[in-house]
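Okay, upload_39.txt is below, compact mmCIF, C-alpha atoms:
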```
# COMPACT_ATOMS: atom_id res chain seq x y z
CA MET Q 112 13.05 19.41 7.53
CA GLY Q 113 11.70 15.94 6.81
CA PHE Q 114 12.00 13.58 3.90
CA ARG Q 115 9.96 10.74 2.44
CA LEU Q 116 11.00 7.11 2.68
CA ARG Q 117 9.46 4.75 0.14
CA PHE Q 118 8.55 1.38 1.67
CA VAL Q 119 7.68 -1.44 -0.68
CA SER Q 120 7.02 -4.92 0.61
CA TYR Q 121 6.76 -8.11 -1.40
CA GLU Q 122 5.48 -11.45 -0.19
CA GLU Q 123 4.57 -14.38 -2.41
CA ILE Q 124 1.06 -15.56 -1.67
CA ASP Q 125 0.15 -19.13 -2.63
CA GLU Q 126 -3.25 -19.70 -4.19
CA GLY Q 127 -4.21 -22.45 -1.71
CA ASP Q 128 -4.29 -20.27 1.40
CA ARG Q 129 -4.38 -16.88 -0.31
CA GLU Q 130 -6.86 -15.09 1.98
CA ALA Q 131 -5.34 -16.35 5.23
CA ARG Q 132 -1.82 -15.60 4.03
CA LYS Q 133 -2.83 -12.16 2.73
CA LYS Q 134 -4.29 -11.22 6.12
CA GLU Q 135 -1.16 -12.51 7.86
CA VAL Q 136 1.09 -10.40 5.62
CA ILE Q 137 -1.11 -7.30 6.02
CA ASP Q 138 -1.06 -7.71 9.81
CA LEU Q 139 2.71 -8.23 9.88
CA VAL Q 140 3.43 -5.15 7.76
CA ALA Q 141 0.99 -3.09 9.86
CA GLU Q 142 2.68 -4.23 13.07
CA ASN Q 143 6.10 -3.23 11.74
CA LEU Q 144 4.92 0.14 10.44
CA ALA Q 145 3.16 0.89 13.75
CA GLU Q 146 6.44 0.17 15.52
CA ALA Q 147 8.34 2.49 13.15
CA ALA Q 148 5.77 5.32 13.26
CA PRO Q 149 6.98 7.00 16.49
CA ASP Q 150 10.53 7.19 15.11
CA ALA Q 151 9.19 8.61 11.84
CA GLU Q 152 7.32 11.28 13.77
CA ARG Q 153 10.32 12.10 15.94
CA HIS Q 154 12.48 12.60 12.83
CA GLY Q 155 9.86 14.25 10.62
CA VAL Q 156 9.81 11.34 8.17
CA THR Q 157 6.76 10.05 6.31
CA ILE Q 158 6.77 6.30 5.68
CA CYS Q 159 4.79 5.31 2.58
CA LEU Q 160 3.42 1.95 1.51
CA GLU Q 161 3.03 1.75 -2.27
CA THR Q 162 0.33 -0.03 -4.25
CA HIS Q 163 2.85 -2.54 -5.58
CA ASP Q 164 3.81 -6.23 -5.35
CA ALA Q 165 1.74 -8.00 -2.65
CA PHE Q 166 -0.06 -4.68 -2.08
CA CYS Q 167 -1.07 -3.98 -5.68
CA ARG Q 168 -4.60 -2.94 -4.80
CA GLY Q 169 -5.66 -0.06 -2.62
CA GLU Q 170 -7.71 -2.53 -0.63
CA GLU Q 171 -4.55 -4.26 0.69
CA VAL Q 172 -2.78 -0.98 1.43
CA ALA Q 173 -5.89 0.24 3.27
CA GLY Q 174 -5.89 -2.98 5.30
CA VAL Q 175 -2.44 -2.03 6.58
CA LEU Q 176 -3.16 1.68 7.10
CA ARG Q 177 -6.34 0.98 9.10
CA GLN Q 178 -4.14 -0.70 11.69
CA VAL Q 179 -1.55 2.10 11.90
CA ASP Q 180 -2.93 5.22 13.59
CA SER Q 181 -0.25 7.70 12.55
CA PRO Q 182 -0.17 10.66 10.19
CA TYR Q 183 3.45 9.65 9.48
CA VAL Q 184 2.42 6.43 7.72
CA LYS Q 185 0.72 7.03 4.36
CA ALA Q 186 0.16 5.56 0.92
CA VAL Q 187 1.81 5.95 -2.47
CA TRP Q 188 -0.68 5.27 -5.25
CA ASP Q 189 1.10 3.73 -8.23
CA VAL Q 190 -1.91 3.96 -10.55
CA HIS Q 191 -0.75 1.12 -12.79
CA HIS Q 192 -0.95 -1.73 -10.29
CA PRO Q 193 -4.50 -1.36 -8.93
CA TYR Q 194 -5.65 -0.85 -12.54
CA ARG Q 195 -3.95 -4.02 -13.78
CA MET Q 196 -5.47 -5.93 -10.86
CA GLY Q 197 -8.96 -4.77 -11.89
CA GLU Q 198 -9.55 -2.29 -9.06
CA ALA Q 199 -11.53 0.73 -10.24
CA VAL Q 200 -9.91 4.15 -9.80
CA GLU Q 201 -12.84 5.24 -7.64
CA ASP Q 202 -12.39 2.22 -5.38
CA THR Q 203 -8.66 2.81 -4.98
CA TRP Q 204 -9.35 6.44 -4.08
CA ASN Q 205 -11.96 5.40 -1.53
CA PHE Q 206 -9.54 2.92 0.02
CA ILE Q 207 -6.42 5.14 0.30
CA GLY Q 208 -7.33 8.71 -0.68
CA ALA Q 209 -7.47 10.00 2.89
CA ARG Q 210 -3.93 8.72 3.60
CA LEU Q 211 -2.34 9.56 0.25
CA ALA Q 212 1.14 11.12 0.23
CA HIS Q 213 2.13 10.70 -3.42
CA VAL Q 214 0.75 9.51 -6.77
CA HIS Q 215 3.00 7.63 -9.18
CA MET Q 216 1.67 8.09 -12.73
CA LYS Q 217 2.45 6.00 -15.79
CA ASP Q 218 0.47 4.82 -18.77
CA ALA Q 219 -0.30 1.18 -19.35
CA ARG Q 220 -2.69 -1.06 -21.18
CA ARG Q 221 -4.20 -4.25 -19.95
CA ARG Q 222 -3.42 -7.20 -22.17
CA GLU Q 223 -6.12 -9.50 -23.47
CA ASP Q 224 -5.16 -12.03 -20.80
CA GLY Q 225 -5.93 -9.41 -18.10
CA SER Q 226 -2.33 -8.75 -17.08
```

Would you write out, as structure tokens, the structure that this file holds?
Amino acid sequence: MGFRLRFVSYEEIDEGDREARKKEVIDLVAENLAEAAPDAERHGVTICLETHDAFCRGEEVAGVLRQVDSPYVKAVWDVHHPYRMGEAVEDTWNFIGARLAHVHMKDARRREDGS
């Protein structure tokens, strides 16, 4: 019998080199998850990357998952974070729906300042 391990990563990304740094972080997390995937499979564990922190949008999570070819590495969709970042529900689904393991629901409202 397996269990789920929630994996949340946070990396501060400076505005100056945001795109380069974001790709570097995505690649690093993907490399580490790819290394962990065989152990997850061997033990019946699903490793999940949540739409949270540096991976608030499904687009970033998908960037990691595209590099990890394992059914034992999936996504947790915390619906609040892609929404607050301005990513449409349909877009988030298109990015991570095929690799979704769990959905984390909560209600939230965007403030006037967009946060």

Taking (8.4, 12.2, 15.2) in the coordinates of the supplied file, I want to know which residues reach to within 12 Å of it, counting only C-alpha atoms; could you give the answer as number ranges by chain? Q: 112-114, 147-158, 181-184

I'd like to know which of Q:Val175, Q:Arg195, Q:Asp128, Q:Arg168 is closest to Glu223 in chain Q, using all atoms listed in the file. Q:Arg195

Quote the spacing between CA of Arg129 in chain Q and CA of Val179 in chain Q in Å to one decimal place.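 So the answer is 22.7 Å.
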
Give me the residues near Glu161 in chain Q as a list in words, where near means some atom within 10 Å (using all atoms listed in the file) and where sequence neighbours in that chain fewer than 2 positions away do not count.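 With the cut-off at 10 Å, the set is Arg117, Phe118, Val119, Ser120, Ile158, Cys159, His163, Asp164, Ala165, Phe166, Cys167, Arg168, Gly169, Val172, Lys185, Ala186, Val187, Trp188, Asp189, Val190, His192, Leu211, Ala212, His213, Val214 and His215 of chain Q.
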
Report, in Å to a single decimal, how far apart CA of Arg210 in chain Q and CA of Arg177 in chain Q are.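 Pair CA of Arg177 in chain Q / CA of Arg210 in chain Q returns 9.8 Å.
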
List the neighbours of Lys134 in chain Q out to 12 Å using all atoms listed in the file; skip same-chain residues closer than 3 positions along the sequence, and give me the result as a PDB file with C-alpha atoms, in the frame of the given file.
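Generated file (selection.pdb):
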```pdb
ATOM      1  CA  GLU Q 122       5.480 -11.450  -0.190  1.00  0.00           C
ATOM      2  CA  ILE Q 124       1.060 -15.560  -1.670  1.00  0.00           C
ATOM      3  CA  ASP Q 128      -4.290 -20.270   1.400  1.00  0.00           C
ATOM      4  CA  ARG Q 129      -4.380 -16.880  -0.310  1.00  0.00           C
ATOM      5  CA  GLU Q 130      -6.860 -15.090   1.980  1.00  0.00           C
ATOM      6  CA  ALA Q 131      -5.340 -16.350   5.230  1.00  0.00           C
ATOM      7  CA  ILE Q 137      -1.110  -7.300   6.020  1.00  0.00           C
ATOM      8  CA  ASP Q 138      -1.060  -7.710   9.810  1.00  0.00           C
ATOM      9  CA  LEU Q 139       2.710  -8.230   9.880  1.00  0.00           C
ATOM     10  CA  VAL Q 140       3.430  -5.150   7.760  1.00  0.00           C
ATOM     11  CA  ALA Q 141       0.990  -3.090   9.860  1.00  0.00           C
ATOM     12  CA  ALA Q 165       1.740  -8.000  -2.650  1.00  0.00           C
ATOM     13  CA  PHE Q 166      -0.060  -4.680  -2.080  1.00  0.00           C
ATOM     14  CA  GLU Q 170      -7.710  -2.530  -0.630  1.00  0.00           C
ATOM     15  CA  GLU Q 171      -4.550  -4.260   0.690  1.00  0.00           C
ATOM     16  CA  VAL Q 172      -2.780  -0.980   1.430  1.00  0.00           C
ATOM     17  CA  ALA Q 173      -5.890   0.240   3.270  1.00  0.00           C
ATOM     18  CA  GLY Q 174      -5.890  -2.980   5.300  1.00  0.00           C
ATOM     19  CA  VAL Q 175      -2.440  -2.030   6.580  1.00  0.00           C
ATOM     20  CA  GLN Q 178      -4.140  -0.700  11.690  1.00  0.00           C
TER      21      GLN Q 178
END
```

CA of Glu142 in chain Q to CA of Trp204 in chain Q, distance in Å rounded to a single decimal: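 Distance between the two atoms: 23.5 Å.
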